[in-house]
Amino acid sequence: MAINGIVHGNHESKFGIFQGSDFNAAYGANASAFVEFDCGIPSVDLGVFQDLDMKNHGSRVLEDGNEYTTEAGGIRTISVSDHIVRKADIAELLYAVFQNVSEGVGSPFEKTYTWVGSAGTETTQPDFFSDAGYYATLGIYDPIAGQQRAYRSSIIKSLTVSCDLTGGDGRIKANHEWISGFSSTNNANFAGAWAKNTASFFDFNKPTTKQIGGLDVVLYAFSFTFTNNAARAGVDTSGDAETYAVGMPYSTTGSLTVKYDVNTDDYEGNLRDGTSLGIIQVATGTDGADGNLDFLLDECKITNVSRGYGDPAGQQVIIDFEVQADSSTGNHTTVTVSDAVDQAW
């Protein structure tokens, strides 16, 4: 048998992104540099419409020529997991899901991402059709030349960041689900350089704030999920999306594992009577200085509470929660990042 005898190694493929500037630009031979991520190779749902149903064609079996397949009008879903987040990675991930950012002038270029809910100030969405907001081309670099995969004008639908402060190394891990309403490319030949951001990390084994309702807690682990519920909107003459809809609604949920003590012993009462926990804040680094990452979540309502008894570090309380906007201030979710990278956002 005249097979091809080349075997490609498990780690020869890689995944990266680069920021877009033209929302509906056609994909071609790309000379832009991709930012490579430390992560597994994403799983991809191509969003292809297929009609393979049995037709009345005078036979008892499916017959070629009665099927229909199209990518037009569909949505590609690219799911990234086990991303070890470098310091300069997080800003783009947050912008891709929040679709709302302000950046300070001068180093450390503090970036602030917010969702708010007060009438008159509520977060809306960017006009993607006019090239506003954040979108990126995603690239999967496979080892066969001319067979790389690209997904253009992609945004994040859901981003989960987590950290294990007891058994882990203190670095943020992330899972992110991207969507693209544009036709995919599976025969790209990436011409640009691929490079990872500098191996610098936010270290949550050195937290500077860890509070629930203004009380300091002993934090063992956290996980926050930011979801904008993105969906494609419209169909152009190529079958691609005309824009995206986001914020229908915006949602932040999370989970904290904390030490059981007098500061954490009444969360079951909060759940039973519907009392808000107030603000949850977890941060590392100094506010306004390079290396600061701060999660500030308003009016957190417990959705589940459980106890852990098997850890050598002592009894634990695990709370799941959902964030609501403060009715007096409108504040919902605020994340600040100081990474000394001038994105000119």
# chains A, B, ... in the order shown; residues from 1 in each chain; ligands from 1
$ residues_around --residues "Lys111 (chain A)" --least-positions-apart "3" --cutoff "10 Å" --atoms "only C-alpha atoms" --output "JSON, numbers by chain"
{"A": [91, 94, 95, 101, 102, 103, 104, 105, 108, 288, 293, 335, 336, 337, 338, 339, 340, 341, 342, 343, 345]}
$ select_by_dssp --residues "region 200-330 of chain A" --states "strand (DSSP E)" --output "PDB file with N, CA and C atoms, in the first residue's frame"
ATOM      1  N   PRO A 207      -2.011  37.097  46.738  1.00  0.00           N
ATOM      2  CA  PRO A 207      -3.171  37.981  46.597  1.00  0.00           C
ATOM      3  C   PRO A 207      -3.029  39.218  47.476  1.00  0.00           C
ATOM      4  N   THR A 208      -3.587  40.321  47.012  1.00  0.00           N
ATOM      5  CA  THR A 208      -3.596  41.543  47.812  1.00  0.00           C
ATOM      6  C   THR A 208      -4.980  41.864  48.363  1.00  0.00           C
ATOM      7  N   THR A 209      -6.037  41.328  47.753  1.00  0.00           N
ATOM      8  CA  THR A 209      -7.398  41.482  48.258  1.00  0.00           C
ATOM      9  C   THR A 209      -8.153  40.182  48.024  1.00  0.00           C
ATOM     10  N   LYS A 210      -8.898  39.745  49.050  1.00  0.00           N
ATOM     11  CA  LYS A 210      -9.776  38.572  48.945  1.00  0.00           C
ATOM     12  C   LYS A 210     -10.873  38.750  49.980  1.00  0.00           C
ATOM     13  N   GLN A 211     -11.943  39.378  49.536  1.00  0.00           N
ATOM     14  CA  GLN A 211     -13.017  39.758  50.445  1.00  0.00           C
ATOM     15  C   GLN A 211     -14.373  39.327  49.901  1.00  0.00           C
ATOM     16  N   ILE A 212     -15.261  38.996  50.842  1.00  0.00           N
ATOM     17  CA  ILE A 212     -16.663  38.745  50.545  1.00  0.00           C
ATOM     18  C   ILE A 212     -17.469  39.655  51.459  1.00  0.00           C
ATOM     19  N   LEU A 215     -15.534  41.485  54.200  1.00  0.00           N
ATOM     20  CA  LEU A 215     -14.808  40.698  55.193  1.00  0.00           C
ATOM     21  C   LEU A 215     -13.687  39.914  54.522  1.00  0.00           C
ATOM     22  N   ASP A 216     -12.520  39.926  55.109  1.00  0.00           N
ATOM     23  CA  ASP A 216     -11.402  39.137  54.596  1.00  0.00           C
ATOM     24  C   ASP A 216     -11.671  37.657  54.800  1.00  0.00           C
ATOM     25  N   LEU A 219      -8.854  32.265  51.138  1.00  0.00           N
ATOM     26  CA  LEU A 219      -9.326  31.815  49.835  1.00  0.00           C
ATOM     27  C   LEU A 219      -8.507  30.624  49.360  1.00  0.00           C
ATOM     28  N   TYR A 220      -9.205  29.549  48.985  1.00  0.00           N
ATOM     29  CA  TYR A 220      -8.544  28.349  48.483  1.00  0.00           C
ATOM     30  C   TYR A 220      -8.593  28.266  46.951  1.00  0.00           C
ATOM     31  N   ALA A 221      -9.684  28.752  46.365  1.00  0.00           N
ATOM     32  CA  ALA A 221      -9.828  28.665  44.908  1.00  0.00           C
ATOM     33  C   ALA A 221     -10.933  29.604  44.469  1.00  0.00           C
ATOM     34  N   PHE A 222     -10.855  30.046  43.208  1.00  0.00           N
ATOM     35  CA  PHE A 222     -11.946  30.848  42.651  1.00  0.00           C
ATOM     36  C   PHE A 222     -12.102  30.542  41.175  1.00  0.00           C
ATOM     37  N   SER A 223     -13.309  30.820  40.687  1.00  0.00           N
ATOM     38  CA  SER A 223     -13.627  30.684  39.266  1.00  0.00           C
ATOM     39  C   SER A 223     -14.689  31.721  38.933  1.00  0.00           C
ATOM     40  N   PHE A 224     -14.436  32.531  37.908  1.00  0.00           N
ATOM     41  CA  PHE A 224     -15.389  33.544  37.465  1.00  0.00           C
ATOM     42  C   PHE A 224     -15.688  33.309  35.982  1.00  0.00           C
ATOM     43  N   THR A 225     -16.969  33.375  35.631  1.00  0.00           N
ATOM     44  CA  THR A 225     -17.386  33.192  34.238  1.00  0.00           C
ATOM     45  C   THR A 225     -18.111  34.439  33.761  1.00  0.00           C
ATOM     46  N   PHE A 226     -17.607  35.011  32.673  1.00  0.00           N
ATOM     47  CA  PHE A 226     -18.188  36.204  32.060  1.00  0.00           C
ATOM     48  C   PHE A 226     -18.813  35.791  30.728  1.00  0.00           C
ATOM     49  N   THR A 227     -20.096  36.055  30.577  1.00  0.00           N
ATOM     50  CA  THR A 227     -20.827  35.611  29.390  1.00  0.00           C
ATOM     51  C   THR A 227     -21.565  36.782  28.772  1.00  0.00           C
ATOM     52  N   ALA A 231     -24.404  36.355  19.642  1.00  0.00           N
ATOM     53  CA  ALA A 231     -25.071  35.655  18.544  1.00  0.00           C
ATOM     54  C   ALA A 231     -24.820  36.425  17.250  1.00  0.00           C
ATOM     55  N   ARG A 232     -24.742  35.707  16.154  1.00  0.00           N
ATOM     56  CA  ARG A 232     -24.598  36.375  14.865  1.00  0.00           C
ATOM     57  C   ARG A 232     -25.912  37.065  14.519  1.00  0.00           C
ATOM     58  N   ALA A 233     -25.813  38.155  13.757  1.00  0.00           N
ATOM     59  CA  ALA A 233     -27.008  38.882  13.332  1.00  0.00           C
ATOM     60  C   ALA A 233     -26.882  39.220  11.852  1.00  0.00           C
ATOM     61  N   THR A 243     -23.277  41.559  11.577  1.00  0.00           N
ATOM     62  CA  THR A 243     -22.816  42.083  12.857  1.00  0.00           C
ATOM     63  C   THR A 243     -23.041  40.998  13.899  1.00  0.00           C
ATOM     64  N   TYR A 244     -22.737  41.295  15.154  1.00  0.00           N
ATOM     65  CA  TYR A 244     -23.040  40.396  16.269  1.00  0.00           C
ATOM     66  C   TYR A 244     -23.947  41.116  17.258  1.00  0.00           C
ATOM     67  N   ALA A 245     -24.797  40.360  17.915  1.00  0.00           N
ATOM     68  CA  ALA A 245     -25.565  40.855  19.057  1.00  0.00           C
ATOM     69  C   ALA A 245     -24.913  40.338  20.327  1.00  0.00           C
ATOM     70  N   SER A 251     -23.752  38.497  31.676  1.00  0.00           N
ATOM     71  CA  SER A 251     -23.904  37.704  32.892  1.00  0.00           C
ATOM     72  C   SER A 251     -22.545  37.370  33.486  1.00  0.00           C
ATOM     73  N   THR A 252     -22.455  37.485  34.812  1.00  0.00           N
ATOM     74  CA  THR A 252     -21.266  37.048  35.535  1.00  0.00           C
ATOM     75  C   THR A 252     -21.694  36.084  36.628  1.00  0.00           C
ATOM     76  N   THR A 253     -21.085  34.919  36.640  1.00  0.00           N
ATOM     77  CA  THR A 253     -21.305  33.941  37.695  1.00  0.00           C
ATOM     78  C   THR A 253     -19.943  33.511  38.229  1.00  0.00           C
ATOM     79  N   GLY A 254     -19.950  32.804  39.345  1.00  0.00           N
ATOM     80  CA  GLY A 254     -18.667  32.388  39.882  1.00  0.00           C
ATOM     81  C   GLY A 254     -18.799  31.375  40.993  1.00  0.00           C
ATOM     82  N   SER A 255     -17.639  30.944  41.456  1.00  0.00           N
ATOM     83  CA  SER A 255     -17.559  29.999  42.566  1.00  0.00           C
ATOM     84  C   SER A 255     -16.321  30.335  43.382  1.00  0.00           C
ATOM     85  N   LEU A 256     -16.462  30.312  44.701  1.00  0.00           N
ATOM     86  CA  LEU A 256     -15.347  30.523  45.613  1.00  0.00           C
ATOM     87  C   LEU A 256     -15.270  29.367  46.585  1.00  0.00           C
ATOM     88  N   THR A 257     -14.070  28.919  46.871  1.00  0.00           N
ATOM     89  CA  THR A 257     -13.831  27.962  47.939  1.00  0.00           C
ATOM     90  C   THR A 257     -13.020  28.671  49.018  1.00  0.00           C
ATOM     91  N   VAL A 258     -13.601  28.743  50.223  1.00  0.00           N
ATOM     92  CA  VAL A 258     -12.981  29.498  51.310  1.00  0.00           C
ATOM     93  C   VAL A 258     -12.923  28.643  52.573  1.00  0.00           C
ATOM     94  N   LYS A 259     -12.086  29.070  53.501  1.00  0.00           N
ATOM     95  CA  LYS A 259     -11.984  28.375  54.789  1.00  0.00           C
ATOM     96  C   LYS A 259     -13.255  28.600  55.603  1.00  0.00           C
ATOM     97  N   ILE A 280     -17.931  40.963  46.079  1.00  0.00           N
ATOM     98  CA  ILE A 280     -16.823  40.014  46.110  1.00  0.00           C
ATOM     99  C   ILE A 280     -15.667  40.651  45.352  1.00  0.00           C
ATOM    100  N   GLN A 281     -14.504  40.661  45.988  1.00  0.00           N
ATOM    101  CA  GLN A 281     -13.320  41.244  45.336  1.00  0.00           C
ATOM    102  C   GLN A 281     -12.133  40.327  45.547  1.00  0.00           C
ATOM    103  N   VAL A 282     -11.466  40.005  44.444  1.00  0.00           N
ATOM    104  CA  VAL A 282     -10.249  39.196  44.473  1.00  0.00           C
ATOM    105  C   VAL A 282      -9.223  39.907  43.591  1.00  0.00           C
ATOM    106  N   ALA A 283      -8.036  40.151  44.130  1.00  0.00           N
ATOM    107  CA  ALA A 283      -7.041  40.906  43.375  1.00  0.00           C
ATOM    108  C   ALA A 283      -5.638  40.453  43.737  1.00  0.00           C
ATOM    109  N   THR A 284      -4.727  40.710  42.812  1.00  0.00           N
ATOM    110  CA  THR A 284      -3.303  40.555  43.084  1.00  0.00           C
ATOM    111  C   THR A 284      -2.591  41.786  42.538  1.00  0.00           C
ATOM    112  N   ASN A 292      -1.094  44.308  38.320  1.00  0.00           N
ATOM    113  CA  ASN A 292      -2.358  44.312  39.060  1.00  0.00           C
ATOM    114  C   ASN A 292      -3.474  43.727  38.206  1.00  0.00           C
ATOM    115  N   LEU A 293      -4.202  42.780  38.777  1.00  0.00           N
ATOM    116  CA  LEU A 293      -5.412  42.218  38.178  1.00  0.00           C
ATOM    117  C   LEU A 293      -6.450  42.145  39.281  1.00  0.00           C
ATOM    118  N   ASP A 294      -7.590  42.807  39.073  1.00  0.00           N
ATOM    119  CA  ASP A 294      -8.577  43.016  40.139  1.00  0.00           C
ATOM    120  C   ASP A 294      -9.963  42.688  39.613  1.00  0.00           C
ATOM    121  N   PHE A 295     -10.631  41.722  40.271  1.00  0.00           N
ATOM    122  CA  PHE A 295     -12.010  41.357  39.961  1.00  0.00           C
ATOM    123  C   PHE A 295     -12.912  41.950  41.044  1.00  0.00           C
ATOM    124  N   LEU A 296     -13.867  42.797  40.659  1.00  0.00           N
ATOM    125  CA  LEU A 296     -14.772  43.461  41.591  1.00  0.00           C
ATOM    126  C   LEU A 296     -16.197  43.190  41.131  1.00  0.00           C
ATOM    127  N   LEU A 297     -16.923  42.405  41.915  1.00  0.00           N
ATOM    128  CA  LEU A 297     -18.243  41.912  41.526  1.00  0.00           C
ATOM    129  C   LEU A 297     -19.279  42.393  42.536  1.00  0.00           C
ATOM    130  N   CYS A 300     -23.579  40.102  44.885  1.00  0.00           N
ATOM    131  CA  CYS A 300     -23.475  38.678  44.550  1.00  0.00           C
ATOM    132  C   CYS A 300     -24.517  37.884  45.335  1.00  0.00           C
ATOM    133  N   LYS A 301     -25.348  37.172  44.625  1.00  0.00           N
ATOM    134  CA  LYS A 301     -26.392  36.346  45.233  1.00  0.00           C
ATOM    135  C   LYS A 301     -25.998  34.879  45.144  1.00  0.00           C
ATOM    136  N   ILE A 302     -26.014  34.194  46.294  1.00  0.00           N
ATOM    137  CA  ILE A 302     -25.648  32.776  46.344  1.00  0.00           C
ATOM    138  C   ILE A 302     -26.700  31.949  45.617  1.00  0.00           C
ATOM    139  N   THR A 303     -26.242  31.037  44.774  1.00  0.00           N
ATOM    140  CA  THR A 303     -27.133  30.096  44.104  1.00  0.00           C
ATOM    141  C   THR A 303     -26.967  28.676  44.637  1.00  0.00           C
ATOM    142  N   ASN A 304     -25.848  28.411  45.301  1.00  0.00           N
ATOM    143  CA  ASN A 304     -25.643  27.105  45.934  1.00  0.00           C
ATOM    144  C   ASN A 304     -24.527  27.221  46.955  1.00  0.00           C
ATOM    145  N   VAL A 305     -24.630  26.454  48.024  1.00  0.00           N
ATOM    146  CA  VAL A 305     -23.586  26.428  49.041  1.00  0.00           C
ATOM    147  C   VAL A 305     -23.395  24.996  49.505  1.00  0.00           C
ATOM    148  N   SER A 306     -22.141  24.595  49.685  1.00  0.00           N
ATOM    149  CA  SER A 306     -21.836  23.249  50.159  1.00  0.00           C
ATOM    150  C   SER A 306     -20.607  23.304  51.053  1.00  0.00           C
ATOM    151  N   ARG A 307     -20.347  22.199  51.727  1.00  0.00           N
ATOM    152  CA  ARG A 307     -19.222  22.137  52.650  1.00  0.00           C
ATOM    153  C   ARG A 307     -18.245  21.062  52.211  1.00  0.00           C
ATOM    154  N   GLY A 308     -16.955  21.322  52.451  1.00  0.00           N
ATOM    155  CA  GLY A 308     -15.920  20.349  52.161  1.00  0.00           C
ATOM    156  C   GLY A 308     -15.191  19.966  53.434  1.00  0.00           C
ATOM    157  N   GLN A 316     -13.963  23.508  54.578  1.00  0.00           N
ATOM    158  CA  GLN A 316     -14.147  24.520  53.541  1.00  0.00           C
ATOM    159  C   GLN A 316     -15.624  24.803  53.322  1.00  0.00           C
ATOM    160  N   VAL A 317     -15.895  25.980  52.778  1.00  0.00           N
ATOM    161  CA  VAL A 317     -17.217  26.344  52.303  1.00  0.00           C
ATOM    162  C   VAL A 317     -17.090  26.687  50.823  1.00  0.00           C
ATOM    163  N   ILE A 318     -17.961  26.097  50.011  1.00  0.00           N
ATOM    164  CA  ILE A 318     -17.949  26.351  48.571  1.00  0.00           C
ATOM    165  C   ILE A 318     -19.236  27.061  48.219  1.00  0.00           C
ATOM    166  N   ILE A 319     -19.129  28.265  47.660  1.00  0.00           N
ATOM    167  CA  ILE A 319     -20.319  29.016  47.281  1.00  0.00           C
ATOM    168  C   ILE A 319     -20.309  29.267  45.778  1.00  0.00           C
ATOM    169  N   ASP A 320     -21.469  29.042  45.185  1.00  0.00           N
ATOM    170  CA  ASP A 320     -21.708  29.453  43.797  1.00  0.00           C
ATOM    171  C   ASP A 320     -22.592  30.691  43.844  1.00  0.00           C
ATOM    172  N   PHE A 321     -22.345  31.633  42.942  1.00  0.00           N
ATOM    173  CA  PHE A 321     -23.081  32.889  43.014  1.00  0.00           C
ATOM    174  C   PHE A 321     -23.320  33.474  41.633  1.00  0.00           C
ATOM    175  N   GLU A 322     -24.256  34.404  41.572  1.00  0.00           N
ATOM    176  CA  GLU A 322     -24.547  35.162  40.361  1.00  0.00           C
ATOM    177  C   GLU A 322     -24.516  36.640  40.712  1.00  0.00           C
ATOM    178  N   VAL A 323     -23.972  37.449  39.817  1.00  0.00           N
ATOM    179  CA  VAL A 323     -23.823  38.877  40.080  1.00  0.00           C
ATOM    180  C   VAL A 323     -25.046  39.633  39.562  1.00  0.00           C
TER     181      VAL A 323
END
$ atom_distance --atom1 "CA of Ile140 (chain A)" --atom2 "CA of Asn175 (chain A)"
16.4 Å
$ closest_residue --among "A:Met54, A:Ile78, A:Ala145, A:Ala199" --to "Lys157 (chain A)" --atoms "only C-alpha atoms"
A:Ile78
$ closest_residue --among "A:Ile155, A:Ile84, A:Ala96, A:Leu62" --to "Gly168 (chain A)" --atoms "only C-alpha atoms"
A:Ile84
$ atom_distance --atom1 "CA of Asp261 (chain A)" --atom2 "CA of Asp287 (chain A)"
28.2 Å
$ closest_residue --among "A:Phe23, A:Trp115, A:Trp178, A:Phe34" --to "Ala195 (chain A)" --atoms "only C-alpha atoms"
A:Phe34
$ select_by_dssp --residues "region 169-309 of chain A" --states "helix (DSSP H, G or I)" --output "PyMOL selection string"
chain A and resi 267-273
$ write_last_selection --atoms "N, CA, C and O atoms" --output "PDB file, in the first residue's frame"
ATOM      1  N   TYR A 267     -23.393  31.407  55.157  1.00  0.00           N
ATOM      2  CA  TYR A 267     -23.784  31.523  53.758  1.00  0.00           C
ATOM      3  C   TYR A 267     -25.058  30.742  53.460  1.00  0.00           C
ATOM      4  O   TYR A 267     -25.812  31.104  52.541  1.00  0.00           O
ATOM      5  N   GLU A 268     -25.328  29.685  54.216  1.00  0.00           N
ATOM      6  CA  GLU A 268     -26.604  28.986  54.036  1.00  0.00           C
ATOM      7  C   GLU A 268     -27.764  29.910  54.370  1.00  0.00           C
ATOM      8  O   GLU A 268     -28.809  29.882  53.712  1.00  0.00           O
ATOM      9  N   GLY A 269     -27.580  30.765  55.379  1.00  0.00           N
ATOM     10  CA  GLY A 269     -28.610  31.741  55.716  1.00  0.00           C
ATOM     11  C   GLY A 269     -28.820  32.736  54.594  1.00  0.00           C
ATOM     12  O   GLY A 269     -29.960  33.109  54.277  1.00  0.00           O
ATOM     13  N   ASN A 270     -27.726  33.170  53.960  1.00  0.00           N
ATOM     14  CA  ASN A 270     -27.852  34.064  52.807  1.00  0.00           C
ATOM     15  C   ASN A 270     -28.654  33.419  51.692  1.00  0.00           C
ATOM     16  O   ASN A 270     -29.467  34.077  51.020  1.00  0.00           O
ATOM     17  N   LEU A 271     -28.418  32.134  51.477  1.00  0.00           N
ATOM     18  CA  LEU A 271     -29.134  31.430  50.417  1.00  0.00           C
ATOM     19  C   LEU A 271     -30.612  31.282  50.766  1.00  0.00           C
ATOM     20  O   LEU A 271     -31.489  31.507  49.921  1.00  0.00           O
ATOM     21  N   ARG A 272     -30.903  30.932  52.020  1.00  0.00           N
ATOM     22  CA  ARG A 272     -32.294  30.697  52.421  1.00  0.00           C
ATOM     23  C   ARG A 272     -33.141  31.961  52.330  1.00  0.00           C
ATOM     24  O   ARG A 272     -34.287  31.919  51.887  1.00  0.00           O
ATOM     25  N   ASP A 273     -32.587  33.101  52.764  1.00  0.00           N
ATOM     26  CA  ASP A 273     -33.411  34.313  52.792  1.00  0.00           C
ATOM     27  C   ASP A 273     -33.150  35.256  51.628  1.00  0.00           C
ATOM     28  O   ASP A 273     -33.719  36.348  51.541  1.00  0.00           O
TER      29      ASP A 273
END
$ residues_around --residues "Arg76 (chain A)" --least-positions-apart "2" --cutoff "6 Å" --atoms "only C-alpha atoms" --output "PyMOL selection string"
chain A and resi 45-47+179-180
$ write_last_selection --atoms "C-alpha atoms" --output "CSV table (one decimal), in the first residue's frame"
chain,number,residue,atom,x,y,z
A,45,ASP,CA,-18.0,23.1,15.6
A,46,LEU,CA,-18.1,24.2,12.0
A,47,GLY,CA,-21.8,25.1,12.2
A,179,ILE,CA,-17.9,32.4,17.8
A,180,SER,CA,-17.4,33.4,14.2
$ residues_around --residues "Tyr151 (chain A)" --least-positions-apart "2" --cutoff "6 Å" --atoms "only C-alpha atoms" --output "MDAnalysis selection string"
chainID A and resid 137:138 184
$ closest_residue --among "A:Thr123, A:Thr77, A:Asn187, A:Thr166" --to "Val44 (chain A)" --atoms "only C-alpha atoms"
A:Thr77
